[in-house]
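**Q** Input: one structure, supplied below.
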Amino acid sequence: MAIETIPAPPVEAPSDELDLVARAKAGDSAAFSALINRYEGKIFRLAMNITQNREDAEDVLQEAFFKAFEHIDQFQGNSKFYTWIVRIAVNQALMKLRKRKSDRTVSLDEQIDTGEDMVVREVAAWDPDPEERFSREEMSQILSDAIDDLTPIYRTVFTLRDVDGLSTEETAEALDLTVPAVKSRLLRARLQLRDKLNRFFKRKGDDAFAYM
Amino acid sequence: MLTCKEFLSELSDYLDEKTSLELREKLQRHITECPNCWVICDTTKKTIQVYKGMQSCTIPDDVHARLMAAVERKMAATKKTE
């Protein structure tokens, strides 16, 4: 899945969002379509992150917006619409995984923390602007390959928190995790990504600490 | 002085500036004295920065078209039953 490295838009809910939600609640289908257009890309990416299957991800995307449409009157408006729709989509994605694995116990967080993933394999300094060594396409590929390599829970926590810019509390709410659980998964995800990017970004032909 | 393990466990909060002032000072003292942790801190910060600039994926056109068609059918069916 190609990821563009264009600066992301501001993460705050746009001021017209409350208006869109209110109109959608009142049955305005154009307003609901506008909400879909705003979040479908992120929800599709989230569904791909969890199911790792395009067909399942598309089903999840449709089911999530169906559910949102059916239950929009239950959306209280005390959290962002995005957090609410993420939560619905995560539940739909987990149901897909359960069906696929015919296992009722599947959870996004089934990985057992052994502490192994906290190990930093290599300590080497990077260039001040490591991304300048690569073209935009190469960077895009490097970043998406590295993130695709993470387990679904780490990928999801990292994407919501560091790419989409949700707060730790919002991420916890969206994923039905505790705040400490989000924090520990985020730390591990960040360290694993750092480790994966290290081979591309470390200073070449230089002692790691030569310039310190 | 903090151990490297203790530093690492607080790294996320340190980078997010979510620690208490007292802990922040301890962490800062640790990285001035521990080159390895300084590098880990610096490179993890850069990792977050390079991903921060990532745009949300644009949805494939066919997936978008099928979603909108499905939602429109759903909306039409709901209106009929009202």
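Each chain in the structure tokens gets a letter, A, B and so on, in the order shown; residues start at 1 in every chain, and ligands are counted from 1 in the order they appear.
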Give me, as a PyMOL selection string, the contact residues of chain B against chain A at a cut-off of 9 Å, counting only C-alpha atoms.
**A** chain B and resi 8-13+35-37+39-40+42-60+63-64+66-68+70-72+74-75
**Q** Take the residues from that selection and write them out as a compact mmCIF listing (two decimals), in the first residue's frame, keeping N, CA and C atoms.
**A**
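Ended up saving to again05.txt:
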```txt
# COMPACT_ATOMS: atom_id res chain seq x y z
N LEU B 8 14.79 4.11 28.70
CA LEU B 8 14.04 3.59 27.54
C LEU B 8 12.55 3.46 27.86
N SER B 9 12.23 3.06 29.07
CA SER B 9 10.82 2.88 29.40
C SER B 9 10.07 4.22 29.46
N GLU B 10 10.81 5.30 29.63
CA GLU B 10 10.16 6.63 29.68
C GLU B 10 10.31 7.38 28.37
N LEU B 11 10.96 6.74 27.38
CA LEU B 11 11.30 7.46 26.14
C LEU B 11 10.09 8.07 25.42
N SER B 12 9.01 7.29 25.31
CA SER B 12 7.83 7.80 24.60
C SER B 12 7.29 9.06 25.27
N ASP B 13 7.11 8.98 26.59
CA ASP B 13 6.57 10.14 27.31
C ASP B 13 7.52 11.33 27.21
N PRO B 35 25.85 8.29 25.59
CA PRO B 35 25.76 8.50 24.14
C PRO B 35 24.80 7.53 23.45
N ASN B 36 24.75 6.29 23.90
CA ASN B 36 23.84 5.32 23.27
C ASN B 36 22.38 5.78 23.39
N CYS B 37 22.01 6.17 24.59
CA CYS B 37 20.61 6.59 24.79
C CYS B 37 20.33 7.89 24.05
N VAL B 39 21.55 8.67 21.16
CA VAL B 39 21.31 8.27 19.76
C VAL B 39 19.93 7.62 19.62
N ILE B 40 19.58 6.75 20.56
CA ILE B 40 18.26 6.10 20.48
C ILE B 40 17.15 7.15 20.54
N ASP B 42 17.38 10.37 19.77
CA ASP B 42 17.41 11.21 18.55
C ASP B 42 16.82 10.47 17.35
N THR B 43 17.17 9.20 17.20
CA THR B 43 16.71 8.46 16.01
C THR B 43 15.23 8.06 16.15
N THR B 44 14.78 7.84 17.38
CA THR B 44 13.34 7.55 17.57
C THR B 44 12.53 8.80 17.27
N LYS B 45 13.06 9.95 17.69
CA LYS B 45 12.39 11.22 17.40
C LYS B 45 12.28 11.43 15.89
N LYS B 46 13.37 11.12 15.18
CA LYS B 46 13.35 11.27 13.71
C LYS B 46 12.38 10.28 13.07
N THR B 47 12.32 9.07 13.64
CA THR B 47 11.37 8.07 13.13
C THR B 47 9.95 8.62 13.18
N ILE B 48 9.60 9.21 14.33
CA ILE B 48 8.25 9.76 14.48
C ILE B 48 8.05 10.90 13.50
N GLN B 49 9.09 11.74 13.35
CA GLN B 49 8.96 12.89 12.43
C GLN B 49 8.72 12.46 10.99
N VAL B 50 9.46 11.45 10.52
CA VAL B 50 9.27 11.07 9.11
C VAL B 50 7.87 10.50 8.87
N TYR B 51 7.32 9.85 9.89
CA TYR B 51 5.96 9.31 9.71
C TYR B 51 4.89 10.38 9.90
N LYS B 52 5.21 11.41 10.66
CA LYS B 52 4.22 12.48 10.90
C LYS B 52 3.78 13.12 9.59
N GLY B 53 4.71 13.16 8.63
CA GLY B 53 4.40 13.81 7.37
C GLY B 53 3.58 12.95 6.42
N MET B 54 3.29 11.71 6.85
CA MET B 54 2.58 10.81 5.95
C MET B 54 1.13 11.21 5.74
N GLN B 55 0.72 11.29 4.53
CA GLN B 55 -0.68 11.58 4.22
C GLN B 55 -1.50 10.31 4.40
N SER B 56 -2.74 10.44 4.80
CA SER B 56 -3.58 9.25 4.88
C SER B 56 -3.70 8.68 3.47
N CYS B 57 -3.77 7.37 3.38
CA CYS B 57 -3.80 6.74 2.06
C CYS B 57 -5.02 7.21 1.29
N THR B 58 -4.80 7.46 0.05
CA THR B 58 -5.98 7.73 -0.77
C THR B 58 -6.61 6.38 -1.07
N ILE B 59 -7.91 6.35 -1.01
CA ILE B 59 -8.63 5.09 -1.19
C ILE B 59 -8.64 4.75 -2.69
N PRO B 60 -8.46 3.48 -3.05
CA PRO B 60 -8.53 3.14 -4.49
C PRO B 60 -9.89 3.54 -5.06
N VAL B 63 -12.73 0.96 -4.91
CA VAL B 63 -13.22 0.71 -3.55
C VAL B 63 -14.16 1.86 -3.14
N HIS B 64 -13.74 3.08 -3.47
CA HIS B 64 -14.56 4.27 -3.15
C HIS B 64 -15.91 4.17 -3.87
N ARG B 66 -17.55 1.56 -5.02
CA ARG B 66 -18.42 0.50 -4.48
C ARG B 66 -18.98 0.89 -3.11
N LEU B 67 -18.16 1.58 -2.31
CA LEU B 67 -18.64 2.03 -0.99
C LEU B 67 -19.80 3.00 -1.16
N MET B 68 -19.61 4.00 -2.02
CA MET B 68 -20.65 5.02 -2.18
C MET B 68 -21.93 4.40 -2.73
N ALA B 70 -22.92 1.29 -2.36
CA ALA B 70 -23.54 0.46 -1.31
C ALA B 70 -24.25 1.34 -0.29
N VAL B 71 -23.61 2.44 0.10
CA VAL B 71 -24.21 3.33 1.10
C VAL B 71 -25.47 3.99 0.53
N GLU B 72 -25.40 4.37 -0.73
CA GLU B 72 -26.59 4.98 -1.35
C GLU B 72 -27.77 4.00 -1.39
N LYS B 74 -28.25 1.60 0.69
CA LYS B 74 -28.68 1.47 2.09
C LYS B 74 -29.57 2.66 2.48
N MET B 75 -29.12 3.86 2.09
CA MET B 75 -29.90 5.07 2.42
C MET B 75 -31.27 5.03 1.76
```
**Q** Near A:Ser167, within 12 Å and counting only C-alpha atoms, which residues show up once chain neighbours fewer than 5 positions away are dropped, as a PyMOL selection string?
**A** (chain A and resi 11-12+79-80+83+157-162+172-174+179+182-183+186) or (chain B and resi 16+18)
**Q** By how many Å are atom CA of A:Asp19 and atom CA of A:Thr156 apart?
**A**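 Distance between the two atoms: 28.6 Å.
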**Q** Would you pick out the contacts of B:Arg29 at 12 Å or less, using only C-alpha atoms, so that residues sharing its chain but fewer than 3 positions from it are not included, and give the list as an mmCIF file with C-alpha atoms, in the first residue's frame?
**A**
```
data_model
loop_
_atom_site.group_PDB
_atom_site.id
_atom_site.type_symbol
_atom_site.label_atom_id
_atom_site.label_comp_id
_atom_site.auth_asym_id
_atom_site.auth_seq_id
_atom_site.Cartn_x
_atom_site.Cartn_y
_atom_site.Cartn_z
ATOM 1 C CA MET B 1 21.510 8.396 37.543
ATOM 2 C CA LEU B 2 18.787 6.501 35.713
ATOM 3 C CA THR B 3 19.686 3.197 34.121
ATOM 4 C CA CYS B 4 19.392 2.849 30.326
ATOM 5 C CA PHE B 7 15.411 5.764 30.339
ATOM 6 C CA GLU B 22 11.466 16.429 37.693
ATOM 7 C CA LEU B 23 11.566 13.261 35.590
ATOM 8 C CA ARG B 24 12.322 15.262 32.456
ATOM 9 C CA GLU B 25 15.424 16.707 34.105
ATOM 10 C CA LYS B 26 16.580 13.239 35.119
ATOM 11 C CA THR B 32 23.973 14.008 28.264
ATOM 12 C CA GLU B 33 25.953 11.247 29.967
ATOM 13 C CA CYS B 34 24.940 8.241 27.859
ATOM 14 C CA PRO B 35 25.764 8.505 24.137
ATOM 15 C CA CYS B 37 20.611 6.589 24.792
ATOM 16 C CA TRP B 38 21.146 9.975 23.169
#
```
